[in-house]
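As structure tokens, the structure follows; a few thoughts come after it.
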Amino acid sequence: MGVPPTRPADRAFARPRRRPIAAVAATVALLAVGAGVLVGLSTPAPRPADAPEGEFSAGRAFRNVEVIAAEPHVAGSAANDRVREHLVGTLRGLGLQTEVQDAVAPEAGQLSGAAGGATLARVRNVVARLPGTDPTGKVFLVSHYDSVQTGPGGNDDGAGTSAILEVARALSTGPRPRNDIVFVLTDAEEACLCGAAGFAADHPLARDGGVVLNLEARGSTGPVIMFETSRNNAKLVEIFGRAAPHPVGTSFAVEIYRALPNDTDFTAFLDRRFVGLNSAYIDGGAIYHTPLDVPARMDRGSLQMHGDNALGLAREFGRTDLGDLRAGHDDTYFPVLGGLVRYPGWLTVPLAVAALLAVGALGWLLRRRGRATAGTLAAGFGLTLVPVVVAPLGAWLLWTAITTIRPGYAELLDPYRPVAYRLAVVALSAAVLFCWYALLRRRVGPAALAFGGLAWLGVFGVLLAVAVPGGAYLTTLPALAGALAGFAALATRRDGPWPVVAVTLAAAVAVVILLPPVVLLFPALGMGMGAVAALVAVLLGLAVLPVVDLLHPRAGGQRGLLALRARRLGALPAAAAALAAVVLAGVGLAVDRFDAAHPVPTHLMYALDAGTGKAAWLTREEKPQPWTDGYVDGTVSIADDFPGLGTTELRGGPATAAPLPAPKLELLSDSRSGDQRVLRVRVVPQRQVRLLTLHVDTGTATVRSASVAGRDVPVEPGDGKWGFGVVFHAPPPEGVEFTLTLVPRGGAVSVRAMDASDGLSGVPGFRPRPEGVGVVGSHSSEMLAVARTYPL
């Protein structure tokens with residue numbers, strides 16, 4: 001690209017006389033600000049079990065974690081019954097009005113396990129109430145007490161449940177709050193969010209809505225992030241910033257979560273007349289939903305942070321008039337050095353436009369003052385796209401290379417020890433930015449390149465303001481701060497201290513705003529999407545370019561050996577960052593090896609057709625690990641044989657048929673009304689199972705309506721042979737009754753019943769996993785399914 005040579009006058013915002021001192025001072029200042037940001041994101045020290053009774057104590061709460069997470073306790077299991085008895089006894093021991101809501105409830109969100117059907121569960125929620133003195137509404141503290149079948153749930157959600165028990169203890173020992181506080185410990189969250197859905201829809205205490213504080217965990221450590229709110233959250237966020245002792249949360253996270261197909265118990269409440277906040281800690285995701293999620297793996301600092309925030313918010317909402325917590329808008333907010341900065345969402349677009357205009361005015365002034373030309377400004381803007389594109393691409397290629405070397409990572413949300421890998425991505429992003437800058441600095445000019453970076457920040461701010469308003473602050477505010485710093489630098493002597501002060505202050509604003517998402521995006525999205533964090537890291541680098549420039553010799557004016565020496569010095573930051581990226585990636589591979597304490601995750605299921613006697617091993621691993629590969633040998637479709645397991649293709653292999661009974665189908669009644677046939681059947685499991693399913697062959701009948709255990713379910717026929725189906729979690733031993741109103745197509749109606757339990761140790765041909773081979777965190781890991789078709 002033909003770009004006019006840069007003149008000596010065409011250099012930078014600042015040309016301090018003592019450049020090395022200025023560079024060191026600015027760098028140290030930014031490092032100090034960055035350290036402050038990291039401290040603000042750290043967890044507090046856990047309080048011991050003998051802490052004052054009015055305070056939250058992680059030591060006391062952890063005693064409950066050890067009871068709750070003593071073993072896996074999936075909904076409907078005897079282990080879950082024991083956990084529920086402990087919860088009821090603890091809450092009643094505090095003098096709280098406590099009951100167990102026993103109901104059949106539908107799913108919430110979009111976690112349906114049935115092909116073209118509905119999901120339900122028998123749930124038993126633990127509900128306790130602390131009556132208020134003069135209620136204006138109710139505050140609900142919510143967590144789920146069930147675990148997945150593959151792990152004991154020490155963090156998910158032993159953390160939330162034990163935190164609520166400790167909050168209940170602290171509240172019950174002090175003055176009663178103004179508003180009712182309701183503690184809701186839900187069942188069957190892992191299966192279908194059915195416990196929360198059943199409470200929100202049917203429990204009398206939920207009839208008038210209220211404020212929900214949901215406590216979750218998706219990992220084992222890290223800061224507790226308030227990552228989801230109800231709509232029009234301005235008043236809620238204001239209370240969160242004021243009352244939570246550790247207010248870590250961003251409107252950007254809320255925007256991301258709203259766009260993702262993820263759900264928690266909070267979803268069930270949002271579907272009703274509730275407002276509220278959803279919080280979780282999310283780092284250490286490698287153990288999520290696995291047998292490793294034991295109490296010993298919990299970071300008690302994260303538990304302390306969960307409890308501190310929950311107690312502070314419960315007290316504040318407990319004294320607040322809850323009559324009107326819905327504002328007319330969402331707030332924009334983000335953490336700053338242990339606090340929370342927020343402003344009204346309606347300012348988002350004006351601020352974004354103002355930032356872009358300010359950057360444009362800065363470009364005009366740079367040209368007017370002779371610091372840049374129209375050509376170099378255009379080049380700076382166009383060429384800035386290079387690191388914006390190359391750094392995320394490089395992060396993706398880096399992780400692709402690492403997963404090629406270590407394929408077991410493909411089944412992990414995040415590596416067990418991800419710090420070195422995360423730093424490698426940041427170092428790679430820095431290397432790309434420094435290399436780009438070193439190559440173009442002398443030719444295009446520091447001022448023009450800084451303008452290009454600010455211009456793209458401004459453009460992204462406008463785009464985000466339109467598409468993702470809660471995230472616009474990420475680029476709008478650094479662009480605005482950078483433009484104002486540019487004006488200040490141009491208004492003072494270039495060789496004096498004030499231009500350095502101005503650009504350092506603007507860079508500090510960028511660090512405060514952009515460093516938290518760089519840190520939090522890694523655990524939120526995993527290393528597989530480390531490219532997103534790399535993009536934000538590059539945006540941070542663009543915002544601090546005037547300070548980066550201080551690390552280089554003066555641009556222009558040197559000739560011969562001096563120019564060569566300047567170029568070599570300018571290449572040092574890029575070379576150092578590139579070397580760091582390589583070394584850190586190597587350290588990650590060396591440190592994060594699979595072993596007995598950090599096993600490679602594997603997925604395996606066993607499925608038996610009791611009618612034909614055929615059985616199969618199945619896995620969801622796209623590229624099976626060596627252990628799994630011993631069971632499967634090709635791609636199979638399960639849609640016709642096991643519709644209760646979904647419709648996606650899996651990898652499978654032949655298995656020996658186990659002497660296991662299929663669920664029994666009892667015909668209770670069979671009547672006709674015109675062209676319709678009404679079948680009432682009961683499906684009874686013949687062994688201890690976690691779920692059962694019933695599907696109708698739509699080639700033999702069209703289902704018009706259906707009810708399960710007396711509850712109507714939607715009829716949404718899907719594709720394929722078994723177009724209508726129902727999945728029922730935690731079925732009682734006596735079975736589940738189905739009523740189907742359908743139009744036969746002639747002949748017998750064909751239905752397929754399936755049930756599923758957990759554990760493969762007794763299955764013929766199963767070889768126990770060797771040391772270093774573990775179980776992936778999946779709702780279908782270790783599942784044993786038995787199905788049979790019945791003609792009616």
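Following the order of the structure tokens, first chain is A, next is B, and so on, with residues numbered from 1 inside each chain and ligands from 1 in the order they appear.
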Legend entry - Nearby residues (only C-alpha atoms) at most 6 Å from region 318-330 of chain A, same-chain spacing under 6 positions excluded, as a list in words: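 Contacts, in chain order: Thr136, Gly137, Pro177, Arg178, Asn179, Asn232, Asn233, Ala234, Lys235 and Gly345 of chain A.
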Could you save those same residues with N, CA and C atoms as a short mmCIF file (atom, residue, chain, number, x, y, z; two decimals), in the first residue's frame?
data_model
loop_
_atom_site.label_atom_id
_atom_site.label_comp_id
_atom_site.auth_asym_id
_atom_site.auth_seq_id
_atom_site.Cartn_x
_atom_site.Cartn_y
_atom_site.Cartn_z
N THR A 136 -43.78 -5.60 52.08
CA THR A 136 -44.20 -4.96 50.83
C THR A 136 -44.03 -5.92 49.65
N GLY A 137 -43.60 -7.14 49.96
CA GLY A 137 -43.36 -8.16 48.95
C GLY A 137 -42.49 -9.26 49.53
N PRO A 177 -36.57 -8.97 59.19
CA PRO A 177 -36.64 -7.98 58.11
C PRO A 177 -38.06 -7.46 57.93
N ARG A 178 -38.16 -6.39 57.20
CA ARG A 178 -39.48 -5.82 56.89
C ARG A 178 -40.27 -6.77 55.97
N ASN A 179 -39.59 -7.28 54.93
CA ASN A 179 -40.24 -8.12 53.94
C ASN A 179 -40.03 -9.60 54.24
N ASN A 232 -35.19 -4.36 32.46
CA ASN A 232 -35.38 -3.06 33.14
C ASN A 232 -34.78 -3.11 34.55
N ASN A 233 -33.47 -3.30 34.58
CA ASN A 233 -32.79 -3.68 35.81
C ASN A 233 -32.18 -2.52 36.59
N ALA A 234 -32.44 -1.28 36.20
CA ALA A 234 -31.70 -0.16 36.77
C ALA A 234 -31.78 -0.12 38.30
N LYS A 235 -32.97 -0.30 38.87
CA LYS A 235 -33.10 -0.24 40.33
C LYS A 235 -32.44 -1.45 40.99
N GLY A 345 -29.05 3.22 30.74
CA GLY A 345 -28.88 2.65 29.42
C GLY A 345 -29.24 3.60 28.30
#
Inset, instruction - Quick one: everything within 12 Å of Arg371 (chain A), counting only C-alpha atoms, minus sequence neighbours fewer than 5 positions away in the same chain. Send it as a PyMOL selection string. - result: chain A and resi 6-15+362-366+376-377+444-451+486+489-490+494+555
Legend entry - Residue among A:Val104, A:Val182, A:Leu542, A:Leu260 lying closest to Ala201 (chain A), counting only C-alpha atoms: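 Among A:Val104, A:Val182, A:Leu542, A:Leu260, it is A:Val104 that comes nearest to Ala201 (chain A).
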Legend entry - Among the residues A:Ala438, A:Ala753, A:Leu351, A:Val776, the one that comes closest to Thr693 (chain A) [using only C-alpha atoms]: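 Nearest to Thr693 (chain A): A:Ala753.
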Show me a table, sorted first by chain and then by increasing residue number, of the residues of region 435-527 of chain A having an atom at most 9 Å from region 38-61 of chain A, each with its shortest atom pair and the distance in Å to one decimal, counting only C-alpha atoms and written as a tab-separated table.
residue	atom	partner	partner_atom	distance
A:Leu515	CA	A:Leu38	CA	8.4
A:Pro516	CA	A:Leu38	CA	7.7
A:Val519	CA	A:Leu38	CA	8.5
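Proximity to Val751 (chain A) was assessed for A:Val139, A:Val683, A:Leu477, A:Ile282 counting only C-alpha atoms; the smallest distance is recorded for A:Val683.
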Do a neighbour search on Thr186 (chain A) at 9 Å with only C-alpha atoms, toss out local chain neighbours closer than 3 positions, and write the hits as a compact mmCIF listing (two decimals) with C-alpha atoms, in the first residue's frame.
# COMPACT_ATOMS: atom_id res chain seq x y z
CA VAL A 123 -39.98 -32.71 42.28
CA ARG A 124 -39.72 -32.16 46.00
CA ASN A 125 -38.71 -28.60 46.74
CA VAL A 126 -37.71 -27.48 50.22
CA VAL A 127 -39.39 -24.17 51.04
CA VAL A 142 -32.96 -19.84 45.41
CA SER A 143 -30.52 -22.65 44.70
CA HIS A 144 -30.91 -26.31 43.70
CA TYR A 145 -29.93 -29.17 45.96
CA ASP A 146 -29.85 -32.04 43.45
CA GLU A 189 -32.61 -28.49 38.26
CA LEU A 193 -35.22 -26.95 35.87
CA CYS A 194 -38.51 -28.59 36.84
CA GLY A 195 -38.31 -27.82 40.56
CA ALA A 196 -38.03 -24.08 40.00
CA PHE A 199 -42.48 -23.60 42.49
CA ASP A 265 -33.46 -21.99 37.82
Inset, instruction - Write out as a PyMOL selection string which residues come within 12 Å of Val538 (chain A) when counting only C-alpha atoms, dropping same-chain ones fewer than 5 positions away. - result: chain A and resi 384-395+425-434+436-437+453+456-457+475+510-511+514-515+518+531-533+543-545
Inset, instruction - Considering only C-alpha atoms, return as a VMD selection string whatever protein or nucleic-acid residues lie within 8 Å of Pro247 (chain A), sequence-local ones (same chain, fewer than 6 positions apart) excluded. - result: chain A and resid 225 to 226 240 to 241 309 335 338 to 340
Legend entry - Which of A:Thr635, A:Asn155, A:Ala472, A:Arg690 sits closest to Pro733 (chain A) [using only C-alpha atoms]: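 Result for the nearest residue to Pro733 (chain A): A:Arg690.
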Inset, instruction - Apply DSSP to the backbone of this structure and, from region 475-666 of chain A, keep only the residues in helix (DSSP H, G or I); write these as a count of residues only. - result: 105
